[in-house]
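Data first, discussion second: the structure below is written as structure tokens.
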Amino acid sequence: MNKDLIDLCRNTKALCCIVMDENSGEFPATNTVAIKLSNDTSLVFDEFLMSYKLNQKSKKDEYLYLLLRDLDCATPELQEKLYGLVKDREYRGMTLPQNCIIVFTISNVDMLKTINPDLYNLAITAF
């Protein structure tokens with residue numbers, strides 16, 4: 001995993017990175033909020049709890065990671081919503097902290113071809 005490429009995403013308005021799922025353990029737990037994406041058309045998580053966790057961790061650390069696992073398994077409809085999350089840094093009224101780096105994981109490099117092209121264009125592949 002190329003951490004220098006991931007660091008390029010700091011303080012950017014519309015950028016994210018993609019890493020291999022096997023490398024997701026390299027992100028420090030103290031400044032990572034991890035969510036497993038479902039093969040559903042909605043982002044299934046408690047927005048209030050996620051917002052609270054992100055805001056609490058953003059105050060303690062210089063930067064934090066929003067780790068969204070299994071992008072390659074997400075439906076095209078869900079990937080479209082994720083594109084909006086990256087582009088607008090907002091989801092259902094919840095705004096991401098400025099020091100939050102969005103990280104997606106995939107299980108296999110060949111699965112990059114299944115990712116929404118608009119979302120992929122905002123991504124840095126860090127492997």
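By order of appearance in the structure tokens: chains A, B, ..., then residues from 1 within every chain, and ligands from 1 in the order shown.
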Quiz item: Could you pull the residues within 12 Å of Leu112 (chain A), counting only C-alpha atoms, minus those fewer than 2 positions along the same chain, as a ChimeraX atom specification?
Solution: /A:18-20,70-74,104-110,114-117,119-121,123-125
Quiz item: How many Å lie between CA of Leu15 (chain A) and CA of Arg69 (chain A), rounded to one decimal?
Solution: 16.6 Å
Quiz item: Quick one: of A:Ile35, A:Ala126, A:Ala29, A:Leu54, who's nearest to Cys100 (chain A), counting only C-alpha atoms?
Solution: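 Closest to Cys100 (chain A), using only C-alpha atoms: A:Leu54.
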Practice problem: Name the residues in contact with Asn31 (chain A) at a cut-off of 10 Å, using only C-alpha atoms, excluding same-chain residues fewer than 5 positions from it; report them as a ChimeraX atom specification. | Solution: /A:53-54,56-58,60-66,100
Quiz prompt | Which of chain A fall in helix (DSSP H, G or I), as a PyMOL selection string | solution = chain A and resi 3-7+21-26+29-31+47-60+71-73+76-88+109-114+117-121
Quiz prompt | Atomic separation - CA of Ile102 (chain A) relative to CA of Leu68 (chain A), Å | solution =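 We find that CA of Leu68 (chain A) and CA of Ile102 (chain A) lie 7.6 Å from each other.
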Self-check item: Among listed residues A:Leu82, A:Asn55, A:Leu67, A:Ala34, nearest Ile101 (chain A) (using only C-alpha atoms)
Solution: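 Of A:Leu82, A:Asn55, A:Leu67, A:Ala34, the one nearest Ile101 (chain A) is A:Leu67, counting only C-alpha atoms.
Nearest-residue note for Glu77 (chain A): choosing from A:Ser38, A:Thr32, A:Ala14, A:Ile6, the minimum distance belongs to A:Ser38, counting only C-alpha atoms.
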Quiz item: Between CA of Leu122 (chain A) and CA of Gln98 (chain A), what is the spacing in Å?
Solution: 16.7 Å
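Residue nearest Tyr91 (chain A) within the list A:Thr12, A:Ser51, A:Val33, A:Met1: A:Ser51 [criterion: smallest interatomic distance, only C-alpha atoms].
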